[in-house]
Structure formats: C-alpha cells, structure tokens
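Taking it in order: structure first as structure tokens, then the write-up.
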Amino acid sequence: MMTLSILALLVAVLLTVNSGWYFIRRAGKKARRQALYALLAFIISVAAAAGHPGGGPGPSGSLQSQPRSQAQAPVQAPAGTPLSRESQTNPSPRREEAGKLRVHFLDVGQGDAILVQLPGGQNILIDAGTNEAGPVVVQDLKQYAVAKLDYVIGTHPHEDHIGGLDQVINTFPVGKVYLPRVTNNTASYRELLLAIKNKGLKVTEARAGVSIPLGDGVQALFINPAKKNYDDLNDWSAVLRLTYGQTSFLFTGDAGSAAEEEMLASHQPLRADVLKVAHHGSRTATGTAFLKAVAPAYAVISVGKGNDYGHPHAQTLKRLQQAGVKVYRTDRDGTITAVSDGREVIMP
Ligand SMILES: [Zn+2]
C-alpha cells in the first residue's frame with residue numbers, strides 16, 4: 001500500500017517536472033539544481049510521512065524553535081504588569097506578542113525615564129530620572145526583562161533626566177549612547193560621562209537629522225536640537241520621533257517654546273499618536289501650534305506628586321484638553337505602558 005502510493009506520487013512528480021521543465025530550462029544552472037534538490041526533499045518527506053502516518057515533520061513540527069519567552073531566563077515580573085500576564089497565562093506568547101512595540105513611561109517621581117521595547121527584543125532607554133531614582137529605574141528594567149540596553153539616550157544634562165543614567169550604565173550592557181552636544185558643570189553630569197568612559201563607550205551626538213538604526217520596521221529620528229546654541233538648556237533636548245507601522249510616538253525631553261518653533265519651522269513630520277509632554281507639563285512648552293502639528297490622541301506627563309515646580313501647569317492641561325487629547329500622568333497613574341501593533345496604539 002505504502003509502495004503503491006509512493007509510486008503514484010513519483011509519477012505525479014515526474015509529470016509535473018516534465019511540464020515545468022521548459023521554464024526551469026530557461027533558468028540558470030544553479031536554479032535548476034535548486035529545483036531538483038527541492039523535488040528530492042519533497043519526495044523524501046512524503047515517503048517519510050507515508051511511513052509514519054501522523055508523525056511527519058509538518059510545517060509546525062519539532063524543528064520549530066521554542067517561543068522566545070520560554071527560551072529566556074525566568075523573570076520576576078511585578079503583579080499585574082503585561083509581562084507577567086504574557087509569560088504565565090498566554091498559551092502562545094510568540095504568536096500573540098510578535099510584532100508588538102511597548103513604551104513604558106516609568107514612574108520616577110519628578111523626572112523622566114522611558115523604556116521602549118522593540119518587537120525584535122531591542123531596548124531603548126530615554127533618560128533615567130534623578131540620582132535618587134536610579135535604583136528604581138534599574139529595578140524596573142530588570143522587571144521588564146531587560147538584559148541589554150541597545151540604545152541609551154540622555155535628552156539633556158539636567159539631573160531629573162540624566163541623574164540615574166550612570167547607575168543604569170554601570171548595571172546593564174549598553175550598545176550606544178546618544179547625548180546632545182552640550183555640557184553641564186554638575187556632579188550628576190560628570191558621573192554620567194565617567195560611567196560612559198569606564199564602560200569603554202563613546203557618545204554619539206543626538207541632533208536633528210540623526211536616525212537610530214533599529215530595524216524591526218521601527219524608525220527613530222532625532223528632530224531636535226537643530227541649532228548650534230540655545231539660551232535655555234531645556235531647548236537642547238534630544239527630541240525623538242519613533243514610528244512603527246502606522247503608529248508614532250514623540251519623546252520631547254524638556255524642549256521649550258524656542259525648540260518647538262525650530263521644529264515647526266523645519267517642516268519635519270511631527271505627527272504622533274502619543275506625545276510625551278515636554279518639560280513635565282510646564283507652561284512654556286506644548287504650545288498650541290506645536291500641539292496642532294503633533295495632533296496626538298494621547299499625552300503622557302511624567303511628573304512627581306506635589307512637586308515644587310507646579311508641574312503640570314493648568315494652562316498646559318487646558319491646551320491639551322481643548323485639543324481633545326487624553327492625558328495620562330505618572331503622578332496619578334504610576335508607570336504607563338503604551339502598546340503598538342503597528343496599526344494602533346493601545347493605552348491602559
Ligand atoms: Zn525635566
């Protein structure tokens with residue numbers, strides 16, 4: 001019975017070869033050889049399948065590699081985070097989670113720290129909060145299963161952004177570090193430069209027009225700073241626009257109105273589904289014209305409870321409200337995770 005079916009198959013294959021030969025003949029020697037190998041492999045696999053009904057190596061057979069989450073080291077995830085749900089209850093995490101980009105706006109009190117996890121597993125960290133928040137950021141990164149930071153961005157040299165970066169760099173393997181070309185004579189900034197140097201890393205300049213080579217269908221382009229000088233250190237902020245499929249994010253650091261005017265004048269695309277509101281919602285950022293150009297559906301304000309600066313400012317909140325933007329705040333919502341599948345952004 002088995003021999004008969006193989007014979008029948010061989011006849012069918014020969015007929016196919018005969019009719020297809022005209023086309024194969026026109027192809028090169030290499031292509032012909034490949035076609036023959038493919039046929040041979042096909043015949044062997046069918047014969048094997050006939051010999052072991054139901055046990056053949058089908059398209060989803062034993063040769064398929066393990067789902068990524070199982071191959072990774074076990075991770076202690078905080079209860080209720082997306083990570084813990086996936087690794088514990090999702091029966092097919094690879095199929096379900098492949099192609100998702102996650103942006104975690106970490107709750108670091110007054111300051112900024114944002115972890116971007118790309119669909120292919122790469123990690124980007126934008127700022128790491130204050131010196132005091134450093135250990136919190138390190139702990140959070142571990143909970144999000146970060147083994148390596150492929151890219152670290154310090155938006156500008158203020159302590160509430162770069163304060164914790166030295167501890168992060170001392171803890172994790174780091175690929176590339178981006179900083180704007182401006183210095184600050186503070187202990188925090190010197191500690192950051194020392195950590196970079198001790199790790200044998202170099203600083204890559206973050207400025208308008210510089211893109212980060214990410215792959216995975218994700219594009220990341222710096223759109224600020226564009227000028228050689230700014231009066232306010234905040235306007236030096238490295239502003240990153242990240243796009244994944246049809247979705248986009250704008251990370252603005254503490255860029256103020258001067259930087260916003262510059263970005264608007266450059267006519268670079270500013271549109272984003274999610275806007276990281278600049279300068280913790282200060283009055284002097286997120287102007288009406290800038291907000292109109294970005295046209296976000298969601299905004300995230302990274303801000304500390306009861307901070308001394310009066311952030312976020314009532315006028316900024318009003319501008320966001322008038323623009324119909326849904327606002328999230330780390331002082332009220334804690335860490336906020338946005339998930340993009342390339343078609344839409346899902347917020348908590
Ligand atoms: Zn700040």
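Ligands are numbered from 1 in the order shown, residues from 1 within each chain, and chains are lettered A, B, ... in the order they appear in the structure tokens.
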
Ligand 1: which residues are within 8 Å, counting only C-alpha atoms and all ligand atoms, as a count of residues only? 12

Could you pull out the alpha helix (DSSP H) residues of range 149-303 of chain A from DSSP and send them as a ChimeraX atom specification? /A:159-162,165-171,187-198,257-266,288-294

I'd like to know which of A:Leu141, A:Thr130, A:Leu233, A:Lys197 is closest to Thr183 in chain A, using only C-alpha atoms.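 Under the stated criterion, the closest residue is A:Leu233.
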
I'd like to know which of A:Ala255, A:Ala299, A:Leu270, A:Val339 is closest to Thr284 in chain A, using only C-alpha atoms. A:Ala255

Non-local contacts of Ser266 in chain A (9 Å; only C-alpha atoms; under 5 positions in same chain excluded) as a list in words: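 Once the adjacent positions are removed, what remains is Ile223, Ala226 and Glu261 of chain A.
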
Could you save those same residues with C-alpha atoms as an mmCIF file, in the first residue's frame?
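Result written to out_24.cif:
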```cif
data_model
loop_
_atom_site.group_PDB
_atom_site.id
_atom_site.type_symbol
_atom_site.label_atom_id
_atom_site.label_comp_id
_atom_site.auth_asym_id
_atom_site.auth_seq_id
_atom_site.Cartn_x
_atom_site.Cartn_y
_atom_site.Cartn_z
ATOM 1 C CA ILE A 223 14.303 66.188 15.243
ATOM 2 C CA ALA A 226 18.812 71.720 15.262
ATOM 3 C CA GLU A 261 9.363 76.926 16.999
#
```

Which is closest to Tyr144 in chain A among A:Thr171, A:Thr337, A:Ser237, A:Thr316, if we use only C-alpha atoms? A:Thr337

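With CA of Pro269 in chain A on one side and CA of Arg329 in chain A on the other, the separation reads 25.3 Å.
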
Fewer than 2 positions away in the same chain doesn't count, so skip those; otherwise give me all residues within 12 Å of Val136 in chain A, counting only C-alpha atoms, as a PDB file with N, CA and C atoms, in the first residue's frame.
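Written file, part-v5.pdb:
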```pdb
ATOM      1  N   LEU A 106       8.074  55.225  32.829  1.00  0.00           N
ATOM      2  CA  LEU A 106       8.290  54.762  34.199  1.00  0.00           C
ATOM      3  C   LEU A 106       7.977  55.862  35.210  1.00  0.00           C
ATOM      4  N   ASP A 107       7.360  55.457  36.306  1.00  0.00           N
ATOM      5  CA  ASP A 107       7.072  56.399  37.382  1.00  0.00           C
ATOM      6  C   ASP A 107       8.339  56.584  38.210  1.00  0.00           C
ATOM      7  N   VAL A 108       9.002  57.717  38.009  1.00  0.00           N
ATOM      8  CA  VAL A 108      10.248  58.006  38.731  1.00  0.00           C
ATOM      9  C   VAL A 108      10.115  59.283  39.552  1.00  0.00           C
ATOM     10  N   GLY A 109       8.885  59.627  39.938  1.00  0.00           N
ATOM     11  CA  GLY A 109       8.681  60.886  40.643  1.00  0.00           C
ATOM     12  C   GLY A 109       8.905  62.047  39.681  1.00  0.00           C
ATOM     13  N   ALA A 113      11.874  58.957  32.643  1.00  0.00           N
ATOM     14  CA  ALA A 113      12.561  57.705  32.322  1.00  0.00           C
ATOM     15  C   ALA A 113      11.594  56.879  31.487  1.00  0.00           C
ATOM     16  N   ALA A 128      16.785  58.549  32.742  1.00  0.00           N
ATOM     17  CA  ALA A 128      16.695  57.594  33.861  1.00  0.00           C
ATOM     18  C   ALA A 128      16.389  58.294  35.177  1.00  0.00           C
ATOM     19  N   GLY A 129      15.642  59.396  35.115  1.00  0.00           N
ATOM     20  CA  GLY A 129      15.226  60.087  36.333  1.00  0.00           C
ATOM     21  C   GLY A 129      16.390  60.688  37.107  1.00  0.00           C
ATOM     22  N   THR A 130      16.141  61.038  38.360  1.00  0.00           N
ATOM     23  CA  THR A 130      17.155  61.667  39.217  1.00  0.00           C
ATOM     24  C   THR A 130      18.159  60.638  39.734  1.00  0.00           C
ATOM     25  N   ASN A 131      19.202  61.125  40.407  1.00  0.00           N
ATOM     26  CA  ASN A 131      20.151  60.220  41.071  1.00  0.00           C
ATOM     27  C   ASN A 131      19.408  59.267  41.998  1.00  0.00           C
ATOM     28  N   GLU A 132      18.466  59.837  42.731  1.00  0.00           N
ATOM     29  CA  GLU A 132      17.686  59.069  43.697  1.00  0.00           C
ATOM     30  C   GLU A 132      16.851  57.982  43.009  1.00  0.00           C
ATOM     31  N   ALA A 133      16.376  58.282  41.794  1.00  0.00           N
ATOM     32  CA  ALA A 133      15.515  57.338  41.062  1.00  0.00           C
ATOM     33  C   ALA A 133      16.318  56.246  40.371  1.00  0.00           C
ATOM     34  N   GLY A 134      17.646  56.396  40.320  1.00  0.00           N
ATOM     35  CA  GLY A 134      18.492  55.417  39.614  1.00  0.00           C
ATOM     36  C   GLY A 134      18.177  53.966  39.970  1.00  0.00           C
ATOM     37  N   VAL A 138      16.726  50.923  37.565  1.00  0.00           N
ATOM     38  CA  VAL A 138      17.444  49.648  37.403  1.00  0.00           C
ATOM     39  C   VAL A 138      16.505  48.479  37.717  1.00  0.00           C
ATOM     40  N   GLN A 139      15.768  48.601  38.814  1.00  0.00           N
ATOM     41  CA  GLN A 139      14.834  47.555  39.229  1.00  0.00           C
ATOM     42  C   GLN A 139      13.729  47.361  38.183  1.00  0.00           C
ATOM     43  N   ASP A 140      13.181  48.480  37.703  1.00  0.00           N
ATOM     44  CA  ASP A 140      12.120  48.411  36.684  1.00  0.00           C
ATOM     45  C   ASP A 140      12.624  47.717  35.416  1.00  0.00           C
ATOM     46  N   LEU A 141      13.823  48.063  34.992  1.00  0.00           N
ATOM     47  CA  LEU A 141      14.360  47.467  33.764  1.00  0.00           C
ATOM     48  C   LEU A 141      14.496  45.956  33.925  1.00  0.00           C
ATOM     49  N   LYS A 142      14.936  45.541  35.104  1.00  0.00           N
ATOM     50  CA  LYS A 142      15.059  44.097  35.360  1.00  0.00           C
ATOM     51  C   LYS A 142      13.693  43.430  35.308  1.00  0.00           C
ATOM     52  N   GLN A 143      12.689  44.108  35.851  1.00  0.00           N
ATOM     53  CA  GLN A 143      11.344  43.536  35.846  1.00  0.00           C
ATOM     54  C   GLN A 143      10.764  43.438  34.435  1.00  0.00           C
ATOM     55  N   GLY A 163      20.284  61.955  35.898  1.00  0.00           N
ATOM     56  CA  GLY A 163      20.759  61.611  37.246  1.00  0.00           C
ATOM     57  C   GLY A 163      20.973  60.118  37.462  1.00  0.00           C
ATOM     58  N   GLY A 164      20.012  59.300  37.037  1.00  0.00           N
ATOM     59  CA  GLY A 164      20.092  57.858  37.270  1.00  0.00           C
ATOM     60  C   GLY A 164      20.818  57.091  36.168  1.00  0.00           C
ATOM     61  N   LEU A 165      21.238  57.800  35.120  1.00  0.00           N
ATOM     62  CA  LEU A 165      21.821  57.095  33.957  1.00  0.00           C
ATOM     63  C   LEU A 165      23.137  56.392  34.287  1.00  0.00           C
ATOM     64  N   GLN A 167      24.013  54.910  37.029  1.00  0.00           N
ATOM     65  CA  GLN A 167      23.729  53.627  37.684  1.00  0.00           C
ATOM     66  C   GLN A 167      23.220  52.596  36.678  1.00  0.00           C
ATOM     67  N   VAL A 168      22.410  53.066  35.738  1.00  0.00           N
ATOM     68  CA  VAL A 168      21.893  52.166  34.700  1.00  0.00           C
ATOM     69  C   VAL A 168      23.035  51.644  33.827  1.00  0.00           C
ATOM     70  N   THR A 335       3.404  54.018  36.551  1.00  0.00           N
ATOM     71  CA  THR A 335       4.021  53.700  35.254  1.00  0.00           C
ATOM     72  C   THR A 335       2.927  53.439  34.215  1.00  0.00           C
TER      73      THR A 335
END
```

Which residues, written as a ChimeraX atom specification, have at least one atom at most 7 Å from Val325 in chain A, with only C-alpha atoms counted and residues fewer than 4 positions away on the same chain left out? /A:296-299,320-321

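Proximity of A:Arg332, A:His156, A:Lys148, A:Arg283 to Ala206 in chain A, computed with only C-alpha atoms, is greatest for A:His156.
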
Quick one: residues within 9 Å of Ile114 in chain A, only C-alpha atoms, excluding same-chain residues fewer than 4 positions away - as an MDAnalysis selection string? chainID A and resid 103:106 124:128 251

Store the residues picked out above, limited to N, CA, C and O atoms, as a CSV table (one decimal), in the first residue's frame.
```csv
chain,number,residue,atom,x,y,z
A,103,VAL,N,6.0,50.8,25.0
A,103,VAL,CA,6.7,52.0,25.6
A,103,VAL,C,6.2,52.2,27.0
A,103,VAL,O,5.0,52.3,27.3
A,104,HIS,N,7.2,52.1,28.0
A,104,HIS,CA,6.9,52.2,29.4
A,104,HIS,C,7.3,53.6,29.9
A,104,HIS,O,8.5,53.8,29.9
A,105,PHE,N,6.4,54.4,30.3
A,105,PHE,CA,6.7,55.7,30.9
A,105,PHE,C,6.8,55.4,32.4
A,105,PHE,O,5.8,55.2,33.1
A,106,LEU,N,8.1,55.2,32.8
A,106,LEU,CA,8.3,54.8,34.2
A,106,LEU,C,8.0,55.9,35.2
A,106,LEU,O,8.3,57.0,35.0
A,124,ILE,N,15.4,50.4,24.2
A,124,ILE,CA,15.9,51.8,24.2
A,124,ILE,C,15.5,52.4,25.5
A,124,ILE,O,14.4,52.3,25.9
A,125,LEU,N,16.5,53.1,26.1
A,125,LEU,CA,16.1,53.9,27.4
A,125,LEU,C,16.3,55.3,27.1
A,125,LEU,O,17.4,55.8,26.7
A,126,ILE,N,15.3,56.1,27.3
A,126,ILE,CA,15.3,57.6,27.2
A,126,ILE,C,15.3,58.1,28.6
A,126,ILE,O,14.2,58.1,29.3
A,127,ASP,N,16.4,58.7,29.1
A,127,ASP,CA,16.5,59.2,30.4
A,127,ASP,C,16.3,58.2,31.5
A,127,ASP,O,15.8,57.1,31.3
A,128,ALA,N,16.8,58.5,32.7
A,128,ALA,CA,16.7,57.6,33.9
A,128,ALA,C,16.4,58.3,35.2
A,128,ALA,O,16.8,57.9,36.2
A,251,PHE,N,8.9,61.8,21.7
A,251,PHE,CA,9.6,62.0,23.0
A,251,PHE,C,10.3,63.3,23.0
A,251,PHE,O,11.3,63.5,22.3
```

d(CA of Lys100 in chain A, CA of Val146 in chain A) in Å: 15.7 Å

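Counting only C-alpha atoms, the residue from A:Tyr244, A:Tyr309, A:Tyr230, A:Tyr178 that sits nearest to Asp341 in chain A is A:Tyr244.
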
What's the 7 Å shell around Asp166 in chain A, counting only C-alpha atoms, without same-chain residues fewer than 6 positions away, as an MDAnalysis selection string? chainID A and resid 191:192 195

Deliver the residues from the most recent selection as a file, using N, CA and C atoms, as a PDB file, in the first residue's frame.
```pdb
ATOM      1  N   GLU A 191      29.362  62.414  36.563  1.00  0.00           N
ATOM      2  CA  GLU A 191      29.211  60.980  36.870  1.00  0.00           C
ATOM      3  C   GLU A 191      28.737  60.200  35.640  1.00  0.00           C
ATOM      4  N   LEU A 192      27.860  60.815  34.877  1.00  0.00           N
ATOM      5  CA  LEU A 192      27.379  60.169  33.649  1.00  0.00           C
ATOM      6  C   LEU A 192      28.530  59.960  32.663  1.00  0.00           C
ATOM      7  N   ALA A 195      30.819  57.226  33.861  1.00  0.00           N
ATOM      8  CA  ALA A 195      30.242  55.886  33.661  1.00  0.00           C
ATOM      9  C   ALA A 195      30.391  55.457  32.200  1.00  0.00           C
TER      10      ALA A 195
END
```
